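Enquirer: The structure under discussion is supplied below as structure tokens; questions concerning it will follow.
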Amino acid sequence: MSQYTAFTEQDALAYVQEKSGLFTADEPLNCYEFGDGNLNMVFRISNHTGTSVILKQALPYARCVGESWPLTLDRARIEAQALIAHSKVCPEHTVKVLDYNPDLALILLEDLGDMQILRGAQNQAKQFDLLGEHVADYLAKTAFYYSDFYLDAQEKKALVAQFINPELCQITEDLFFSDPYRKHERNNYPAQLQPLVLELWQDDALKTAVAQLKAKFLSSPQSLLHGDMHSGSIFVDAQQTKMIDPEFAFFGPIGFDLGSFIGNLLLNYCAQNGRIQDENERHTMQAHLLHTLHTTVSEFARQFTQLASQHTQDVNFQEPAYISAFIQSVIKDAVGYCATELIRRTIGLAHVADIDTIADESARLDVQQQTINLGRQLIKSADDIHDAQSLKAVLSSLLN
């Protein structure tokens, strides 16, 4: 099996039986493919005693579109190496890689089947009290230990080269920063939103701010990012949080991962207006989401400050005033990237189930209008936001 071929369930069974070391050669195994993402095949293989493993294989095209959108298989390498790198500094919140096969563009991963994907759980109004703390821990550690605060220049530049990821970064550049702000065939929104979308396209101040965010995305290799920190890339239960799927990983602006995550919290916050009918239940869930958001931002800032104060290697970056200013700039960036996530998930190619599965069309349209307007307002408010408290104040004014 050294030459690439897209796996069937039988191929996945045979490979795992031979390579994983988890199963005996003749024991009966079950296998099914359950990938519901845009790009890859994902198989779960298990025996009758409950031992199981995940096999993820990259396809040479975008699964959501087909062979007309070819994609590099090198993204499997990026994902495996990013998971291994992040596991070195934050193993408690990173899914474990058991094996990686570059010829077949596949990764064997620990099975997190007893946990839930965050997006689906939040769409069922489930709450996770430790989520914000755990995500902040992951983001602070992975950002700090792969940044100029900690790595020497030669080591950092070698890693930047290792994680050059042009094809998948191009997808982000197009879907986040370009397509939603102009007429493009990939955009996807109901006709009723056209007047609001036209306002967006004609908002020069907004487009200038988005251009600045894109420029930073293109030219600021601050640390090794996950690159796709949305609610579908996080497994949760009451005690654990694990990050998966960093195939979009690259060295970029630290605020991008933080902004993507809090943007998904706000997408779910808005979606609950069309999902939960009972007012008290809805307010309870929304209050939980805002508390998680506040905890994530405040704990990220606290932990990054602590790490930088105690473990910074570069003498120039040890200055407390510089550390403080750096974190403020990250939070400002995060607000901008959060806003682009709100907008692109509403009118761009890749939507979220939080909104798209709202049954009532009128309620769904109201939510879509709210996410667009919230995104526009947040981008324009980013200069006034430098910490968790100022973000909380702005959100209170925009959401109430």
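In the structure tokens, each chain is lettered A, B, ... as it comes, each chain's residues begin at 1, and ligands are numbered from 1 in order of appearance.
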Could you list, with a cut-off of 12 Å and counting only C-alpha atoms, the residues of stretch 93-176 of chain A near stretch 257-272 of chain A, each shown with its nearest atom pair and the distance in Å rounded to one decimal, rows sorted by chain and ascending number, as a Markdown table?

Expert:
| residue | atom | partner | partner_atom | distance |
| --- | --- | --- | --- | --- |
| A:Leu118 | CA | A:Leu265 | CA | 10.2 |
| A:Arg119 | CA | A:Asn268 | CA | 8.3 |
| A:Gly120 | CA | A:Asn268 | CA | 10.4 |
| A:Ala121 | CA | A:Asn268 | CA | 10.7 |
| A:Gln122 | CA | A:Asn268 | CA | 7.3 |
| A:Asn123 | CA | A:Asn268 | CA | 7.3 |
| A:Gln124 | CA | A:Gln272 | CA | 9.7 |
| A:Ala125 | CA | A:Gln272 | CA | 8.2 |
| A:Lys126 | CA | A:Asn268 | CA | 11.5 |
| A:Gln127 | CA | A:Leu265 | CA | 11.8 |
| A:Leu131 | CA | A:Leu265 | CA | 11.0 |
| A:Gly132 | CA | A:Ile262 | CA | 9.7 |
| A:Val135 | CA | A:Phe261 | CA | 8.6 |
| A:Ala136 | CA | A:Leu258 | CA | 8.4 |
| A:Asp137 | CA | A:Leu258 | CA | 11.3 |
| A:Tyr138 | CA | A:Leu258 | CA | 10.3 |
| A:Leu139 | CA | A:Leu258 | CA | 7.1 |
| A:Ala140 | CA | A:Leu258 | CA | 9.4 |
| A:Thr142 | CA | A:Asp257 | CA | 10.5 |
| A:Ala143 | CA | A:Asp257 | CA | 9.3 |
| A:Thr172 | CA | A:Ser260 | CA | 11.5 |
| A:Phe176 | CA | A:Ser260 | CA | 10.4 |

Enquirer: Write the residues of the preceding selection, restricted to C-alpha atoms, as a PDB file, in the first residue's frame.

Expert:
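Result written to part.pdb:
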ATOM      1  CA  LEU A 118     -18.852  21.005  20.252  1.00  0.00           C
ATOM      2  CA  ARG A 119     -21.044  22.395  17.473  1.00  0.00           C
ATOM      3  CA  GLY A 120     -23.604  19.624  17.704  1.00  0.00           C
ATOM      4  CA  ALA A 121     -23.635  19.763  21.492  1.00  0.00           C
ATOM      5  CA  GLN A 122     -24.151  23.532  21.576  1.00  0.00           C
ATOM      6  CA  ASN A 123     -26.922  23.233  19.007  1.00  0.00           C
ATOM      7  CA  GLN A 124     -28.623  21.005  21.568  1.00  0.00           C
ATOM      8  CA  ALA A 125     -28.073  23.780  24.157  1.00  0.00           C
ATOM      9  CA  LYS A 126     -25.557  21.746  26.143  1.00  0.00           C
ATOM     10  CA  GLN A 127     -23.198  23.684  28.386  1.00  0.00           C
ATOM     11  CA  LEU A 131     -14.648  24.919  27.807  1.00  0.00           C
ATOM     12  CA  GLY A 132     -13.359  28.495  27.966  1.00  0.00           C
ATOM     13  CA  VAL A 135      -9.482  26.493  24.979  1.00  0.00           C
ATOM     14  CA  ALA A 136      -7.571  29.389  26.532  1.00  0.00           C
ATOM     15  CA  ASP A 137      -4.981  26.960  27.894  1.00  0.00           C
ATOM     16  CA  TYR A 138      -4.530  25.374  24.459  1.00  0.00           C
ATOM     17  CA  LEU A 139      -4.351  28.688  22.609  1.00  0.00           C
ATOM     18  CA  ALA A 140      -1.963  30.322  25.081  1.00  0.00           C
ATOM     19  CA  THR A 142       0.533  26.652  21.482  1.00  0.00           C
ATOM     20  CA  ALA A 143       0.845  30.364  20.658  1.00  0.00           C
ATOM     21  CA  THR A 172      -8.959  30.839   4.025  1.00  0.00           C
ATOM     22  CA  PHE A 176     -12.679  34.818   4.946  1.00  0.00           C
TER      23      PHE A 176
END

Enquirer: Run DSSP on the backbone and tell me which residues of stretch 93-307 of chain A come out as alpha helix (DSSP H); list them as a count of residues only.

Expert: 112

Enquirer: Using only C-alpha atoms, which of the listed residues (A:His134, A:Lys56, A:Lys19, A:His311) sits closest to A:Arg44?

Expert: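 Result for the nearest residue to A:Arg44: A:Lys56.
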
Enquirer: I'd like the neighbourhood of A:Gly50 as a list in words, where a residue qualifies if any of its atoms comes within 12 Å (using only C-alpha atoms), though same-chain residues fewer than 5 positions away should be ignored.

Expert: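 Here the qualifying residues turn out to be Leu22, Phe23, Leu29, Asn30, Arg44, Ile45, Asp111, Gly113 and Asp114 of chain A.
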
Enquirer: For the residues selected in the previous step, produce a file with C-alpha atoms as a PDB file, in the first residue's frame.

Expert:
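Written file, selection.pdb:
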ATOM      1  CA  LEU A  22      -4.335  -2.458  18.566  1.00  0.00           C
ATOM      2  CA  PHE A  23      -5.954  -5.576  17.144  1.00  0.00           C
ATOM      3  CA  LEU A  29     -13.649  -5.655  13.318  1.00  0.00           C
ATOM      4  CA  ASN A  30     -16.352  -3.154  12.479  1.00  0.00           C
ATOM      5  CA  ARG A  44     -13.940   4.477  12.776  1.00  0.00           C
ATOM      6  CA  ILE A  45     -12.669   0.918  13.267  1.00  0.00           C
ATOM      7  CA  ASP A 111     -10.851   7.726  19.055  1.00  0.00           C
ATOM      8  CA  GLY A 113     -16.022   8.758  20.348  1.00  0.00           C
ATOM      9  CA  ASP A 114     -17.130   9.063  23.967  1.00  0.00           C
TER      10      ASP A 114
END

Enquirer: Just the residues within 10 Å of A:Thr72, please, counting only C-alpha atoms, with nothing from its chain fewer than 5 positions along; format it as a ChimeraX atom specification.

Expert: /A:58-62,105,165-168

Enquirer: Taking only C-alpha atoms into account, name the residue in A:Ser20, A:Thr340, A:Gln3, A:Gln57 that is nearest to A:Ala209.

Expert: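 Counting only C-alpha atoms, the residue closest to A:Ala209 is A:Thr340.
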
Enquirer: Please list as a PyMOL selection string every residue within 12 Å of A:Ala85, counting only C-alpha atoms and excluding residues in the same chain fewer than 4 positions away.

Expert: chain A and resi 77-81+89-91+94-97+141-143+145-146+159+162-163+223-226+246+249-250

Enquirer: Based on the selection just made, write N, CA and C atoms of those residues as a PDB file, in the first residue's frame.

Expert:
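Written file, result-v5.pdb:
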ATOM      1  N   ARG A  77       0.144  15.764   5.912  1.00  0.00           N
ATOM      2  CA  ARG A  77       1.405  15.975   6.632  1.00  0.00           C
ATOM      3  C   ARG A  77       1.301  17.170   7.574  1.00  0.00           C
ATOM      4  N   ILE A  78       0.751  18.262   7.054  1.00  0.00           N
ATOM      5  CA  ILE A  78       0.589  19.461   7.873  1.00  0.00           C
ATOM      6  C   ILE A  78      -0.219  19.131   9.124  1.00  0.00           C
ATOM      7  N   GLU A  79      -1.324  18.440   8.943  1.00  0.00           N
ATOM      8  CA  GLU A  79      -2.184  18.115  10.089  1.00  0.00           C
ATOM      9  C   GLU A  79      -1.462  17.240  11.099  1.00  0.00           C
ATOM     10  N   ALA A  80      -0.823  16.175  10.622  1.00  0.00           N
ATOM     11  CA  ALA A  80      -0.140  15.258  11.541  1.00  0.00           C
ATOM     12  C   ALA A  80       0.969  15.973  12.296  1.00  0.00           C
ATOM     13  N   GLN A  81       1.773  16.753  11.588  1.00  0.00           N
ATOM     14  CA  GLN A  81       2.900  17.432  12.244  1.00  0.00           C
ATOM     15  C   GLN A  81       2.426  18.542  13.170  1.00  0.00           C
ATOM     16  N   VAL A  89       3.369  20.622  23.657  1.00  0.00           N
ATOM     17  CA  VAL A  89       3.213  21.716  24.613  1.00  0.00           C
ATOM     18  C   VAL A  89       1.851  21.714  25.296  1.00  0.00           C
ATOM     19  N   CYS A  90       0.871  21.011  24.729  1.00  0.00           N
ATOM     20  CA  CYS A  90      -0.459  20.958  25.341  1.00  0.00           C
ATOM     21  C   CYS A  90      -1.121  19.614  25.053  1.00  0.00           C
ATOM     22  N   PRO A  91      -0.543  18.513  25.574  1.00  0.00           N
ATOM     23  CA  PRO A  91      -1.093  17.190  25.257  1.00  0.00           C
ATOM     24  C   PRO A  91      -2.502  16.981  25.786  1.00  0.00           C
ATOM     25  N   THR A  94      -5.032  18.153  22.963  1.00  0.00           N
ATOM     26  CA  THR A  94      -4.744  17.854  21.561  1.00  0.00           C
ATOM     27  C   THR A  94      -4.965  16.359  21.310  1.00  0.00           C
ATOM     28  N   VAL A  95      -5.724  16.024  20.275  1.00  0.00           N
ATOM     29  CA  VAL A  95      -5.944  14.622  19.945  1.00  0.00           C
ATOM     30  C   VAL A  95      -4.600  13.962  19.633  1.00  0.00           C
ATOM     31  N   LYS A  96      -4.447  12.709  20.033  1.00  0.00           N
ATOM     32  CA  LYS A  96      -3.168  12.011  19.901  1.00  0.00           C
ATOM     33  C   LYS A  96      -3.038  11.341  18.532  1.00  0.00           C
ATOM     34  N   VAL A  97      -1.892  11.549  17.885  1.00  0.00           N
ATOM     35  CA  VAL A  97      -1.564  10.871  16.628  1.00  0.00           C
ATOM     36  C   VAL A  97      -0.920   9.533  16.944  1.00  0.00           C
ATOM     37  N   LYS A 141      -0.741  28.222  25.247  1.00  0.00           N
ATOM     38  CA  LYS A 141       0.469  27.395  25.203  1.00  0.00           C
ATOM     39  C   LYS A 141       0.967  27.204  23.771  1.00  0.00           C
ATOM     40  N   THR A 142       0.080  26.878  22.856  1.00  0.00           N
ATOM     41  CA  THR A 142       0.533  26.652  21.482  1.00  0.00           C
ATOM     42  C   THR A 142       1.037  27.959  20.863  1.00  0.00           C
ATOM     43  N   ALA A 143       0.389  29.076  21.195  1.00  0.00           N
ATOM     44  CA  ALA A 143       0.845  30.364  20.658  1.00  0.00           C
ATOM     45  C   ALA A 143       2.196  30.752  21.228  1.00  0.00           C
ATOM     46  N   TYR A 145       4.688  28.928  22.851  1.00  0.00           N
ATOM     47  CA  TYR A 145       5.852  28.068  22.667  1.00  0.00           C
ATOM     48  C   TYR A 145       6.316  27.948  21.217  1.00  0.00           C
ATOM     49  N   TYR A 146       5.505  28.421  20.266  1.00  0.00           N
ATOM     50  CA  TYR A 146       5.943  28.439  18.872  1.00  0.00           C
ATOM     51  C   TYR A 146       6.101  29.869  18.346  1.00  0.00           C
ATOM     52  N   LEU A 159      10.742  26.148  11.265  1.00  0.00           N
ATOM     53  CA  LEU A 159       9.371  25.686  11.459  1.00  0.00           C
ATOM     54  C   LEU A 159       8.401  26.410  10.532  1.00  0.00           C
ATOM     55  N   GLN A 162       8.636  24.642   7.391  1.00  0.00           N
ATOM     56  CA  GLN A 162       8.031  23.313   7.489  1.00  0.00           C
ATOM     57  C   GLN A 162       6.512  23.372   7.336  1.00  0.00           C
ATOM     58  N   PHE A 163       5.916  24.458   7.817  1.00  0.00           N
ATOM     59  CA  PHE A 163       4.456  24.564   7.821  1.00  0.00           C
ATOM     60  C   PHE A 163       3.924  25.528   6.767  1.00  0.00           C
ATOM     61  N   SER A 223       3.039  32.682  15.156  1.00  0.00           N
ATOM     62  CA  SER A 223       3.130  31.381  15.826  1.00  0.00           C
ATOM     63  C   SER A 223       2.459  30.312  14.978  1.00  0.00           C
ATOM     64  N   LEU A 224       2.625  29.051  15.394  1.00  0.00           N
ATOM     65  CA  LEU A 224       2.015  27.922  14.690  1.00  0.00           C
ATOM     66  C   LEU A 224       0.543  27.829  15.076  1.00  0.00           C
ATOM     67  N   LEU A 225      -0.326  28.219  14.171  1.00  0.00           N
ATOM     68  CA  LEU A 225      -1.754  28.232  14.425  1.00  0.00           C
ATOM     69  C   LEU A 225      -2.398  26.879  14.128  1.00  0.00           C
ATOM     70  N   HIS A 226      -3.520  26.636  14.763  1.00  0.00           N
ATOM     71  CA  HIS A 226      -4.396  25.533  14.381  1.00  0.00           C
ATOM     72  C   HIS A 226      -4.933  25.808  12.979  1.00  0.00           C
ATOM     73  N   PRO A 246      -6.232  20.157  12.490  1.00  0.00           N
ATOM     74  CA  PRO A 246      -5.494  21.367  12.131  1.00  0.00           C
ATOM     75  C   PRO A 246      -4.819  21.286  10.760  1.00  0.00           C
ATOM     76  N   ALA A 249      -3.205  24.381   9.414  1.00  0.00           N
ATOM     77  CA  ALA A 249      -2.151  24.939  10.258  1.00  0.00           C
ATOM     78  C   ALA A 249      -1.087  25.654   9.430  1.00  0.00           C
ATOM     79  N   PHE A 250      -0.594  26.753   9.977  1.00  0.00           N
ATOM     80  CA  PHE A 250       0.504  27.512   9.371  1.00  0.00           C
ATOM     81  C   PHE A 250       0.969  28.520  10.409  1.00  0.00           C
TER      82      PHE A 250
END

Enquirer: One decimal, in Å: what's the spacing between atom CA of A:Glu199 and atom CA of A:Val352?

Expert: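 Atom CA of A:Val352 lies at a distance of 22.6 Å from atom CA of A:Glu199.
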
Enquirer: List the spatial neighbours of stretch 189-195 of chain A as a ChimeraX atom specification - criterion: any atom at most 7 Å away, only C-alpha atoms, same-chain residues fewer than 2 positions off excluded.

Expert: /A:187,197-199,346-347

Enquirer: Please dump the current selection as a PDB file, in the first residue's frame; keep N, CA and C atoms.

Expert:
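The result, written out as out_15.pdb:
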ATOM      1  N   ASN A 187     -20.313  32.527  -3.095  1.00  0.00           N
ATOM      2  CA  ASN A 187     -21.173  33.041  -2.034  1.00  0.00           C
ATOM      3  C   ASN A 187     -22.523  32.333  -2.045  1.00  0.00           C
ATOM      4  N   VAL A 197     -26.438  42.618   1.988  1.00  0.00           N
ATOM      5  CA  VAL A 197     -25.161  42.238   1.373  1.00  0.00           C
ATOM      6  C   VAL A 197     -24.626  43.376   0.500  1.00  0.00           C
ATOM      7  N   LEU A 198     -25.510  44.047  -0.220  1.00  0.00           N
ATOM      8  CA  LEU A 198     -25.079  45.183  -1.036  1.00  0.00           C
ATOM      9  C   LEU A 198     -24.514  46.308  -0.171  1.00  0.00           C
ATOM     10  N   GLU A 199     -25.127  46.533   0.988  1.00  0.00           N
ATOM     11  CA  GLU A 199     -24.585  47.518   1.932  1.00  0.00           C
ATOM     12  C   GLU A 199     -23.159  47.135   2.332  1.00  0.00           C
ATOM     13  N   THR A 346     -22.149  33.402   7.139  1.00  0.00           N
ATOM     14  CA  THR A 346     -23.532  33.757   6.828  1.00  0.00           C
ATOM     15  C   THR A 346     -23.761  33.904   5.338  1.00  0.00           C
ATOM     16  N   ILE A 347     -22.807  34.517   4.630  1.00  0.00           N
ATOM     17  CA  ILE A 347     -23.045  34.767   3.200  1.00  0.00           C
ATOM     18  C   ILE A 347     -22.033  34.092   2.295  1.00  0.00           C
TER      19      ILE A 347
END

Enquirer: When distances are computed from only C-alpha atoms, which of A:Leu175, A:Gly21, A:Gln277, A:Ile117 shows the smallest separation from A:Asp99?

Expert: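 When distances to A:Asp99 are compared using only C-alpha atoms, the smallest one comes from A:Gly21.
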
Enquirer: With only C-alpha atoms counted and 10 Å as the cut-off, give the residues of stretch 96-190 of chain A in contact with stretch 213-222 of chain A, each with its shortest interatomic distance in Å and the pair that gives it, as a tab-separated table.

Expert:
residue	atom	partner	partner_atom	distance
A:Ala143	CA	A:Gln222	CA	8.0
A:Phe144	CA	A:Gln222	CA	9.2
A:Tyr146	CA	A:Gln222	CA	8.0
A:Ser147	CA	A:Gln222	CA	5.7
A:Asp148	CA	A:Gln222	CA	7.1
A:Phe149	CA	A:Gln222	CA	9.5
A:Lys156	CA	A:Pro221	CA	9.5
A:Lys157	CA	A:Pro221	CA	9.3
A:Val160	CA	A:Pro221	CA	7.3
A:Cys169	CA	A:Leu218	CA	8.7
A:Gln170	CA	A:Leu218	CA	9.7
A:Thr172	CA	A:Phe217	CA	9.5
A:Glu173	CA	A:Lys214	CA	7.0
A:Asp174	CA	A:Lys214	CA	9.6
A:Phe176	CA	A:Lys214	CA	8.4
A:Phe177	CA	A:Lys214	CA	6.1
A:Ser178	CA	A:Lys214	CA	8.7

Enquirer: Please report the interatomic distance between atom CA of A:Ala12 and atom CA of A:Leu83 in Å with one decimal.

Expert: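 Answer for the atom CA of A:Ala12 to atom CA of A:Leu83 separation: 21.3 Å.
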
Enquirer: Leaving out A:Ala363 and any residue of its chain fewer than 2 positions from it, which residues lie within 12 Å of it when counting only C-alpha atoms, given as a PyMOL selection string?

Expert: chain A and resi 270-277+355-361+365-370

Enquirer: Could those selected residues go to a file with N, CA and C atoms, as a compact mmCIF listing (two decimals), in the first residue's frame?

Expert:
# COMPACT_ATOMS: atom_id res chain seq x y z
N CYS A 270 -26.16 33.89 18.47
CA CYS A 270 -27.20 34.45 17.61
C CYS A 270 -28.18 33.36 17.17
N ALA A 271 -27.66 32.18 16.85
CA ALA A 271 -28.51 31.09 16.38
C ALA A 271 -29.54 30.68 17.42
N GLN A 272 -29.20 30.78 18.70
CA GLN A 272 -30.14 30.37 19.73
C GLN A 272 -31.41 31.21 19.71
N ASN A 273 -31.36 32.41 19.14
CA ASN A 273 -32.58 33.20 19.00
C ASN A 273 -33.60 32.52 18.11
N GLY A 274 -33.15 31.66 17.22
CA GLY A 274 -34.07 30.91 16.37
C GLY A 274 -34.19 29.45 16.75
N ARG A 275 -33.43 29.02 17.77
CA ARG A 275 -33.43 27.60 18.13
C ARG A 275 -34.20 27.32 19.41
N ILE A 276 -34.10 28.17 20.39
CA ILE A 276 -34.73 27.93 21.70
C ILE A 276 -35.92 28.87 21.86
N GLN A 277 -37.10 28.29 21.97
CA GLN A 277 -38.32 29.09 22.06
C GLN A 277 -38.53 29.69 23.45
N ILE A 355 -26.98 27.80 12.33
CA ILE A 355 -27.96 28.67 11.67
C ILE A 355 -28.76 27.92 10.61
N ASP A 356 -28.08 27.13 9.78
CA ASP A 356 -28.75 26.51 8.64
C ASP A 356 -29.82 25.50 9.05
N THR A 357 -29.73 24.94 10.26
CA THR A 357 -30.74 23.95 10.69
C THR A 357 -31.87 24.58 11.50
N ILE A 358 -31.93 25.91 11.59
CA ILE A 358 -33.10 26.56 12.19
C ILE A 358 -34.30 26.30 11.28
N ALA A 359 -35.32 25.69 11.82
CA ALA A 359 -36.42 25.21 10.98
C ALA A 359 -37.26 26.35 10.41
N ASP A 360 -37.52 27.37 11.20
CA ASP A 360 -38.38 28.47 10.78
C ASP A 360 -37.60 29.43 9.88
N GLU A 361 -38.06 29.59 8.65
CA GLU A 361 -37.32 30.41 7.68
C GLU A 361 -37.21 31.86 8.12
N LEU A 365 -33.74 33.82 8.94
CA LEU A 365 -33.36 35.06 8.27
C LEU A 365 -33.02 36.15 9.28
N ASP A 366 -33.77 36.23 10.36
CA ASP A 366 -33.47 37.21 11.42
C ASP A 366 -32.08 36.97 12.01
N VAL A 367 -31.75 35.70 12.23
CA VAL A 367 -30.44 35.36 12.78
C VAL A 367 -29.34 35.75 11.79
N GLN A 368 -29.56 35.46 10.52
CA GLN A 368 -28.55 35.80 9.51
C GLN A 368 -28.32 37.30 9.44
N GLN A 369 -29.37 38.07 9.54
CA GLN A 369 -29.22 39.53 9.56
C GLN A 369 -28.45 39.97 10.80
N GLN A 370 -28.72 39.32 11.93
CA GLN A 370 -28.01 39.69 13.15
C GLN A 370 -26.52 39.39 13.05

Enquirer: Among stretch 133-236 of chain A, which ones does DSSP assign to strand (DSSP E or B) (computed from the backbone)? Answer as number ranges by chain.

Expert: A: 223-225, 234-236

Enquirer: Compare A:Leu349, A:Ile385, A:Ile343, A:Ile107 by their minimum atom-to-atom distance to A:Val297, counting only C-alpha atoms, and give me the closest one.

Expert: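 Among A:Leu349, A:Ile385, A:Ile343, A:Ile107, it is A:Ile385 that comes nearest to A:Val297.
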
Enquirer: Suppose you want the space between atom CA of A:His386 and atom CA of A:Ile331; what is it in Å?

Expert: 5.8 Å

Enquirer: Between A:Asp387, A:Leu342, A:Tyr337, A:Leu378, which has the minimum distance to A:Ala301 (counting only C-alpha atoms)?

Expert: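 Of all the options, A:Asp387 lies closest to A:Ala301.
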